[in-house]
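Some notes on the structure that comes next.
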Amino acid sequence: MKKQEKTDEKGVNATKLDNFSEWYTQVIQKAELMEYTKVSGCMVIRPYAYEIWENAQAFFDKKIKKIGVKNASFPLLIPEELLNREKEHVKGFSPEVAWVTHGGNSKLPERLAIRPTSETIIYDSYKKWVRSYNDLPILINQWCNIVRWEFKHPVPFLRTREFLWQEGHTVHATKEEMDKLAMTILDIYVNMFEELYAIPVFKGLKSDKEKFAGADYTLSVETVFPNGKAVQAATSHGLGQNFSKSFGIKFTDENEKKQFAWQTSWGFSTRSLGIMFGMHGDDKGLVMPPRIAPIQVVIVPIIFDKTKDVVMKKSSVIKKSLSSFLVELDGRGNYSAGWKFNQWEMKGVPLRIEVGPKDVENKQVVIVRRDTGEKLSVKDKDVKKKVKELLEVIQQNLFDKAKKFMNENIVETTDFDAMISIIGAKKIAYVPWCGEADCEDWIKEKTGGAKSLNIPFNQKKIERKCVHCDNPAKFYAYFAKSY
RNA sequence: CGGGGUGUAGUGUAACGGCAGCACAAGUCCUUUGGGAGGAUUUACUCUGGGUUCGAAUCCCAGCACCCCGACCA
């Protein structure tokens, strides 16, 4: 019993199911993903987490470059006057903007906002770059950090005051082009979450109440977090001509007529990492989907004095043969094999290969899956093939598990009392809805905080009343409490 | 920002208003290594700032941080 207690101190000692918040906080820290700092809500992203972010960047960057988007970098500081140009936009963001008011000891004539998002600073440049339809489209993305001084208590990765993201900003000649690009990007997000992060999502249109401040409409991808809350994973906004009118982004079209441009903006952030950690992790720690894992395979040699040399040699040979994967050989002599097993499980490495004297003798290795704990003896000649196969199987398994969880946590109903109990049971309600903002407010109040998440596309006509009011429903929508 | 809780070595925990301890971790050496090894030895602590007191980890006030719950956001 005493030994058990000791063990618990080293590992995660909260269970994911019973106490999700505690579990999440422990895993994030023990797996060396983040560090707190003196500034509340501003956290260190440690190398192991940053590598994951780099993998996500690489994936997304490749996708957007394929459709012609280029990266650039715009200033961190935004003059107050610029931020104030688009009225809805300021209204939405001003409660959480951090300001720079001084340079050294002298007060600035105009205070500068630390970007909470960069529409305003970017569009002030776009105005100068757009003259004719030949200048369009403009397709630019930037990877940067932004600051939103929120007051809700911070949660590592999921809600921090400073976070990393990408924000894409495009300008088009027509509404059709704008619509098409916003949707193309949304589908890239869906693809990224499902293929890379192994996280199933549902996409749709945000309600007017929940759309981005300053946009005509917002498209989003959302998912269900293990604690039953919904999480917005990424958004793609059709800005219409709202910003082009405020910023004077005009062009001469083919008929020599002056027109305001049509714009989009879209982003996903380091929140996606938090979603992934929470989604796939278990009571032993993280579980990384192989395609995004910084380390896909860890080789742990089982060292005995007499056989040390042959075991280490074999381990190196195995490592070399797996050079097409992200492999780490843990040859540290001062940690026991058991200790290393636990350590790497905490970090969520998808596959562990054990190489000991028995394996040298039998020309084999032992491969252990992180997601299921399953152990397999694999002949030396088959290792590479088996590793490749298992990594794919694990990726698929994690997705399937998350998909099953998501499906189990979305419940369809047409009855408002049923909706209240669905929300009360920490699930997502899928309901017919009129789409009106004040109806949404009432639903929020009566359900104890549920908001609309999004409205799926291409719905069939429905002949029903709204789940809450007596108006006819326009569509089905997802409602839940969210992060 | 409002309500509730917590704050002692790196981590986890003890100490009546009276010498700040223990375990793990970390460093060095030896023995070990197929699921968090053992011995020897070393290092390290009262969140910050005020106040009460002969004396504060302990009582009071403020700030900060973390956790839980609410109004905003990706």
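Following the order of the structure tokens, chains are lettered A, B, ..., residues in each are numbered from 1, and ligands are numbered from 1.
Residues in contact with Ala337 of chain A at up to 7 Å, not including ones fewer than 4 positions away on its chain and judged by only C-alpha atoms (C1' of nucleotides), are A:Val300, A:Ile302, A:Phe341, B:U33.
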Write a file of the just-selected residues containing C-alpha atoms (C1' of nucleotides), as a compact mmCIF listing (two decimals), in the first residue's frame.
# COMPACT_ATOMS: atom_id res chain seq x y z
CA VAL A 300 14.22 1.72 -24.06
CA ILE A 302 17.04 -2.99 -20.80
CA PHE A 341 8.41 3.37 -19.07
C1' U B 33 18.12 -1.72 -14.39
So which residues of segment 114-287 of chain A fall under helix (DSSP H, G or I) by DSSP, listed as a compact mmCIF listing (two decimals) with N, CA and C atoms, in the first residue's frame?
# COMPACT_ATOMS: atom_id res chain seq x y z
N GLU A 119 -7.06 42.42 -37.65
CA GLU A 119 -7.82 42.98 -38.76
C GLU A 119 -7.45 44.44 -39.01
N THR A 120 -7.52 45.24 -37.96
CA THR A 120 -7.41 46.69 -38.15
C THR A 120 -6.03 47.13 -38.62
N ILE A 121 -4.99 46.55 -38.04
CA ILE A 121 -3.64 46.98 -38.46
C ILE A 121 -3.33 46.46 -39.86
N ILE A 122 -3.83 45.30 -40.17
CA ILE A 122 -3.55 44.72 -41.49
C ILE A 122 -4.33 45.46 -42.58
N TYR A 123 -5.57 45.82 -42.28
CA TYR A 123 -6.39 46.41 -43.33
C TYR A 123 -5.99 47.85 -43.63
N ASP A 124 -5.30 48.46 -42.68
CA ASP A 124 -4.77 49.79 -42.95
C ASP A 124 -3.68 49.70 -44.03
N SER A 125 -3.00 48.56 -44.08
CA SER A 125 -2.03 48.35 -45.17
C SER A 125 -2.74 47.94 -46.44
N TYR A 126 -3.71 47.05 -46.32
CA TYR A 126 -4.42 46.56 -47.51
C TYR A 126 -5.00 47.72 -48.32
N LYS A 127 -5.47 48.73 -47.59
CA LYS A 127 -6.02 49.91 -48.24
C LYS A 127 -5.03 50.48 -49.26
N LYS A 128 -3.74 50.42 -48.91
CA LYS A 128 -2.71 50.98 -49.78
C LYS A 128 -2.37 50.05 -50.93
N TRP A 129 -2.69 48.78 -50.77
CA TRP A 129 -2.26 47.80 -51.77
C TRP A 129 -3.33 47.50 -52.81
N TYR A 133 -8.94 45.60 -59.71
CA TYR A 133 -9.26 44.18 -59.55
C TYR A 133 -8.05 43.31 -59.84
N ASN A 134 -7.06 43.88 -60.55
CA ASN A 134 -5.83 43.13 -60.81
C ASN A 134 -5.00 42.89 -59.55
N ASP A 135 -5.26 43.68 -58.53
CA ASP A 135 -4.51 43.52 -57.27
C ASP A 135 -5.12 42.41 -56.40
N LYS A 175 -18.42 38.73 -53.56
CA LYS A 175 -18.93 38.00 -52.40
C LYS A 175 -18.75 36.50 -52.60
N GLU A 176 -18.97 36.04 -53.83
CA GLU A 176 -18.87 34.61 -54.12
C GLU A 176 -17.46 34.09 -53.80
N GLU A 177 -16.46 34.87 -54.24
CA GLU A 177 -15.09 34.45 -53.96
C GLU A 177 -14.81 34.42 -52.47
N MET A 178 -15.35 35.42 -51.78
CA MET A 178 -15.17 35.48 -50.33
C MET A 178 -15.79 34.26 -49.67
N ASP A 179 -17.04 33.98 -50.04
CA ASP A 179 -17.74 32.83 -49.46
C ASP A 179 -16.97 31.54 -49.70
N LYS A 180 -16.47 31.43 -50.92
CA LYS A 180 -15.79 30.21 -51.29
C LYS A 180 -14.50 30.04 -50.47
N LEU A 181 -13.76 31.14 -50.30
CA LEU A 181 -12.52 31.02 -49.55
C LEU A 181 -12.78 30.70 -48.08
N ALA A 182 -13.78 31.37 -47.50
CA ALA A 182 -14.09 31.11 -46.09
C ALA A 182 -14.42 29.64 -45.88
N MET A 183 -15.13 29.06 -46.84
CA MET A 183 -15.51 27.65 -46.73
C MET A 183 -14.33 26.73 -46.98
N THR A 184 -13.49 27.09 -47.93
CA THR A 184 -12.29 26.29 -48.21
C THR A 184 -11.42 26.18 -46.96
N ILE A 185 -11.24 27.32 -46.29
CA ILE A 185 -10.42 27.33 -45.08
C ILE A 185 -11.08 26.49 -43.99
N LEU A 186 -12.38 26.62 -43.86
CA LEU A 186 -13.08 25.83 -42.84
C LEU A 186 -12.82 24.34 -43.05
N ASP A 187 -12.85 23.93 -44.31
CA ASP A 187 -12.62 22.52 -44.60
C ASP A 187 -11.18 22.11 -44.33
N ILE A 188 -10.26 23.04 -44.48
CA ILE A 188 -8.87 22.73 -44.11
C ILE A 188 -8.78 22.50 -42.60
N TYR A 189 -9.50 23.32 -41.85
CA TYR A 189 -9.52 23.13 -40.40
C TYR A 189 -10.10 21.76 -40.03
N VAL A 190 -11.21 21.43 -40.65
CA VAL A 190 -11.83 20.13 -40.38
C VAL A 190 -10.82 19.03 -40.66
N ASN A 191 -10.19 19.12 -41.81
CA ASN A 191 -9.21 18.12 -42.21
C ASN A 191 -8.05 18.04 -41.21
N MET A 192 -7.57 19.20 -40.79
CA MET A 192 -6.45 19.22 -39.86
C MET A 192 -6.81 18.58 -38.52
N PHE A 193 -7.96 18.96 -37.98
CA PHE A 193 -8.33 18.40 -36.69
C PHE A 193 -8.54 16.89 -36.78
N GLU A 194 -9.16 16.45 -37.86
CA GLU A 194 -9.45 15.04 -37.94
C GLU A 194 -8.22 14.21 -38.31
N GLU A 195 -7.45 14.68 -39.28
CA GLU A 195 -6.32 13.89 -39.76
C GLU A 195 -5.08 14.01 -38.89
N LEU A 196 -4.83 15.21 -38.38
CA LEU A 196 -3.59 15.43 -37.64
C LEU A 196 -3.80 15.22 -36.13
N ASN A 242 -17.74 45.08 -44.40
CA ASN A 242 -17.73 45.90 -43.19
C ASN A 242 -16.41 46.61 -42.97
N PHE A 243 -15.33 45.84 -43.07
CA PHE A 243 -14.02 46.44 -42.85
C PHE A 243 -13.56 47.24 -44.07
N SER A 244 -13.89 46.77 -45.26
CA SER A 244 -13.42 47.50 -46.44
C SER A 244 -14.05 48.89 -46.46
N LYS A 245 -15.27 48.99 -45.96
CA LYS A 245 -15.89 50.31 -45.89
C LYS A 245 -15.26 51.18 -44.80
N SER A 246 -14.98 50.59 -43.65
CA SER A 246 -14.36 51.36 -42.56
C SER A 246 -12.93 51.77 -42.90
N PHE A 247 -12.23 50.91 -43.66
CA PHE A 247 -10.83 51.18 -43.93
C PHE A 247 -10.57 51.71 -45.34
N ARG A 271 -4.89 26.81 -28.46
CA ARG A 271 -5.97 26.11 -27.78
C ARG A 271 -6.12 24.70 -28.35
N SER A 272 -5.85 24.56 -29.64
CA SER A 272 -6.01 23.24 -30.26
C SER A 272 -5.14 22.19 -29.57
N LEU A 273 -3.99 22.62 -29.04
CA LEU A 273 -3.15 21.67 -28.32
C LEU A 273 -3.85 21.22 -27.04
N GLY A 274 -4.41 22.17 -26.33
CA GLY A 274 -5.13 21.84 -25.10
C GLY A 274 -6.27 20.88 -25.37
N ILE A 275 -6.98 21.12 -26.46
CA ILE A 275 -8.09 20.24 -26.81
C ILE A 275 -7.56 18.82 -27.02
N MET A 276 -6.44 18.74 -27.71
CA MET A 276 -5.87 17.42 -27.99
C MET A 276 -5.38 16.73 -26.72
N PHE A 277 -4.70 17.46 -25.85
CA PHE A 277 -4.21 16.86 -24.61
C PHE A 277 -5.37 16.32 -23.78
N GLY A 278 -6.40 17.12 -23.68
CA GLY A 278 -7.55 16.71 -22.88
C GLY A 278 -8.32 15.57 -23.52
N MET A 279 -8.39 15.61 -24.82
CA MET A 279 -9.20 14.62 -25.52
C MET A 279 -8.62 13.22 -25.43
N HIS A 280 -7.33 13.08 -25.72
CA HIS A 280 -6.76 11.74 -25.86
C HIS A 280 -6.09 11.20 -24.60
A26 of chain B environment, 12 Å, only C-alpha atoms (C1' of nucleotides), sequence neighbours closer than 2 positions dropped, as an NGL selection string | :B and (9-11 or 24 or 28 or 42-44)
Create the file for the chosen residues now, containing N, CA and C atoms (P, O5', C5', C4', C3', O3' and C1' of nucleotides) and written as a PDB file, in the first residue's frame.
ATOM      1  P     A B   9       7.465  25.688  -0.437  1.00  0.00           P
ATOM      2  O5'   A B   9       8.750  24.780  -0.185  1.00  0.00           O
ATOM      3  C5'   A B   9       9.416  24.189  -1.281  1.00  0.00           C
ATOM      4  C4'   A B   9      10.869  24.525  -1.229  1.00  0.00           C
ATOM      5  C3'   A B   9      11.693  23.740  -2.245  1.00  0.00           C
ATOM      6  O3'   A B   9      12.719  24.567  -2.776  1.00  0.00           O
ATOM      7  C1'   A B   9      12.495  23.313  -0.072  1.00  0.00           C
ATOM      8  P     G B  10      12.295  25.585  -3.964  1.00  0.00           P
ATOM      9  O5'   G B  10      11.998  24.559  -5.139  1.00  0.00           O
ATOM     10  C5'   G B  10      11.577  25.037  -6.414  1.00  0.00           C
ATOM     11  C4'   G B  10      11.168  23.858  -7.256  1.00  0.00           C
ATOM     12  C3'   G B  10       9.963  23.097  -6.726  1.00  0.00           C
ATOM     13  O3'   G B  10       8.756  23.634  -7.221  1.00  0.00           O
ATOM     14  C1'   G B  10      11.748  21.586  -7.141  1.00  0.00           C
ATOM     15  P     U B  11       7.456  23.657  -6.271  1.00  0.00           P
ATOM     16  O5'   U B  11       7.068  22.112  -6.220  1.00  0.00           O
ATOM     17  C5'   U B  11       6.519  21.464  -7.364  1.00  0.00           C
ATOM     18  C4'   U B  11       6.153  20.044  -7.018  1.00  0.00           C
ATOM     19  C3'   U B  11       5.264  19.891  -5.786  1.00  0.00           C
ATOM     20  O3'   U B  11       3.899  20.083  -6.096  1.00  0.00           O
ATOM     21  C1'   U B  11       7.073  18.394  -5.621  1.00  0.00           C
ATOM     22  P     C B  24      12.623   9.032   0.756  1.00  0.00           P
ATOM     23  O5'   C B  24      12.129   9.670  -0.620  1.00  0.00           O
ATOM     24  C5'   C B  24      11.231   8.956  -1.474  1.00  0.00           C
ATOM     25  C4'   C B  24      10.643   9.884  -2.510  1.00  0.00           C
ATOM     26  C3'   C B  24      11.614  10.495  -3.508  1.00  0.00           C
ATOM     27  O3'   C B  24      11.993   9.598  -4.543  1.00  0.00           O
ATOM     28  C1'   C B  24      10.179  12.172  -2.725  1.00  0.00           C
ATOM     29  P     U B  28      26.081  14.405 -10.594  1.00  0.00           P
ATOM     30  O5'   U B  28      27.008  14.032  -9.357  1.00  0.00           O
ATOM     31  C5'   U B  28      28.237  14.712  -9.138  1.00  0.00           C
ATOM     32  C4'   U B  28      28.946  14.124  -7.935  1.00  0.00           C
ATOM     33  C3'   U B  28      29.170  12.618  -7.979  1.00  0.00           C
ATOM     34  O3'   U B  28      30.312  12.273  -8.750  1.00  0.00           O
ATOM     35  C1'   U B  28      28.286  13.209  -5.863  1.00  0.00           C
ATOM     36  P     U B  42      26.146  15.014   4.898  1.00  0.00           P
ATOM     37  O5'   U B  42      26.022  15.953   3.626  1.00  0.00           O
ATOM     38  C5'   U B  42      27.181  16.584   3.083  1.00  0.00           C
ATOM     39  C4'   U B  42      26.835  17.303   1.803  1.00  0.00           C
ATOM     40  C3'   U B  42      25.683  18.302   1.897  1.00  0.00           C
ATOM     41  O3'   U B  42      26.095  19.542   2.438  1.00  0.00           O
ATOM     42  C1'   U B  42      25.411  16.948  -0.029  1.00  0.00           C
ATOM     43  P     U B  43      25.031  20.497   3.152  1.00  0.00           P
ATOM     44  O5'   U B  43      24.198  21.055   1.925  1.00  0.00           O
ATOM     45  C5'   U B  43      24.830  21.835   0.915  1.00  0.00           C
ATOM     46  C4'   U B  43      23.866  22.098  -0.213  1.00  0.00           C
ATOM     47  C3'   U B  43      22.552  22.750   0.200  1.00  0.00           C
ATOM     48  O3'   U B  43      22.699  24.145   0.343  1.00  0.00           O
ATOM     49  C1'   U B  43      22.135  20.951  -1.294  1.00  0.00           C
ATOM     50  P     A B  44      21.901  24.879   1.552  1.00  0.00           P
ATOM     51  O5'   A B  44      20.425  24.978   0.975  1.00  0.00           O
ATOM     52  C5'   A B  44      20.181  25.656  -0.256  1.00  0.00           C
ATOM     53  C4'   A B  44      18.831  25.261  -0.774  1.00  0.00           C
ATOM     54  C3'   A B  44      17.678  25.531   0.197  1.00  0.00           C
ATOM     55  O3'   A B  44      17.229  26.863   0.090  1.00  0.00           O
ATOM     56  C1'   A B  44      17.505  23.340  -0.687  1.00  0.00           C
TER      57        A B  44
END
Within 9 Å of chain B, which residues of chain A show up when using only C-alpha atoms (C1' of nucleotides), listed as a PyMOL selection string?
-> chain A and resi 6-7+9-11+21-22+38-40+93+95-96+148+150-152+158-159+165+232-235+267-271+302-304+333-343+354-356+358+483
Among the residues of segment 32-186 of chain A, find those DSSP assigns to strand (DSSP E or B) from the backbone and print them as JSON, numbers by chain.
-> {"A": [34, 35, 44, 45, 70, 71, 77, 78, 79, 98, 99, 100, 101, 102, 103, 106, 107, 108, 109, 110, 111, 112, 113, 114, 132, 138, 139, 140, 141, 142, 143, 144, 145, 146, 147, 155, 159, 162, 163, 164, 165, 166, 167, 168, 169, 170, 171, 172]}
Shell around Ser452 of chain A at 9 Å using only C-alpha atoms (C1' of nucleotides), local window under 4 positions removed, as a PyMOL selection string = chain A and resi 206-207+209-210+440+444+477-481
Residues near segment 315-319 of chain A, cut-off 8 Å, only C-alpha atoms (C1' of nucleotides), skip fewer than 6 positions along chain, as an MDAnalysis selection string = chainID A and resid 299:301 327:329 355
Residues within 9 Å of Asn227 of chain A, only C-alpha atoms (C1' of nucleotides), excluding chain neighbours under 3 positions, as a JSON list (two decimals) with N, CA and C atoms, in the first residue's frame:
[["chain", "number", "residue", "atom", "x", "y", "z"],
["A", 16, "LYS", "N", -9.06, 11.06, -14.80],
["A", 16, "LYS", "CA", -9.64, 11.93, -15.80],
["A", 16, "LYS", "C", -11.16, 11.98, -15.66],
["A", 17, "LEU", "N", -11.72, 10.83, -15.34],
["A", 17, "LEU", "CA", -13.17, 10.72, -15.32],
["A", 17, "LEU", "C", -13.78, 11.46, -14.13],
["A", 19, "ASN", "N", -12.26, 13.73, -11.92],
["A", 19, "ASN", "CA", -11.87, 15.10, -11.61],
["A", 19, "ASN", "C", -11.05, 15.65, -12.76],
["A", 20, "PHE", "N", -11.76, 16.01, -13.80],
["A", 20, "PHE", "CA", -11.10, 16.37, -15.04],
["A", 20, "PHE", "C", -10.14, 17.55, -14.90],
["A", 21, "SER", "N", -10.57, 18.61, -14.20],
["A", 21, "SER", "CA", -9.74, 19.81, -14.09],
["A", 21, "SER", "C", -8.40, 19.51, -13.43],
["A", 224, "VAL", "N", -16.48, 18.32, -28.70],
["A", 224, "VAL", "CA", -16.90, 18.10, -27.31],
["A", 224, "VAL", "C", -15.69, 17.72, -26.49],
["A", 230, "ALA", "N", -18.47, 22.16, -24.62],
["A", 230, "ALA", "CA", -18.14, 22.30, -26.03],
["A", 230, "ALA", "C", -16.94, 23.23, -26.16],
["A", 278, "GLY", "N", -6.40, 17.12, -23.68],
["A", 278, "GLY", "CA", -7.55, 16.71, -22.88],
["A", 278, "GLY", "C", -8.32, 15.57, -23.52],
["A", 426, "LYS", "N", -24.48, 17.69, -18.97],
["A", 426, "LYS", "CA", -23.22, 18.04, -19.63],
["A", 426, "LYS", "C", -23.09, 17.42, -21.01]]
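Going from atom CA of His102 of chain A over to atom CA of Thr117 of chain A, you cover 21.4 Å.
Among the candidate residues B:G51, B:C45, B:C22, B:C69, the one lying nearest to G5 of chain B is B:C69, with distances computed using only C-alpha atoms (C1' of nucleotides).
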Selection: 12 Å around U58 of chain B, only C-alpha atoms (C1' of nucleotides), excl. self and same-chain fewer than 4 positions, as a list of chain:residue names =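 Near neighbours after the sequence-gap exclusion: B:U8, B:A15, B:C16, B:G17, B:G18, B:A20, B:U46.
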Selection to disk with C-alpha atoms (C1' of nucleotides), as a PDB file, in the first residue's frame:
ATOM      1  C1'   U B   8       5.594  25.998   4.046  1.00  0.00           C
ATOM      2  C1'   A B  15       4.974  22.138  13.247  1.00  0.00           C
ATOM      3  C1'   C B  16       0.260  25.297  20.717  1.00  0.00           C
ATOM      4  C1'   G B  17       2.099  32.581  18.905  1.00  0.00           C
ATOM      5  C1'   G B  18       8.366  30.205  21.114  1.00  0.00           C
ATOM      6  C1'   A B  20      10.917  25.148  10.580  1.00  0.00           C
ATOM      7  C1'   U B  46       7.409  29.585   5.400  1.00  0.00           C
TER       8        U B  46
END
State, in Å with one decimal place, the distance from atom CA of Leu33 of chain A to atom CA of Met346 of chain A.
->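 Going from atom CA of Leu33 of chain A over to atom CA of Met346 of chain A covers 11.0 Å.
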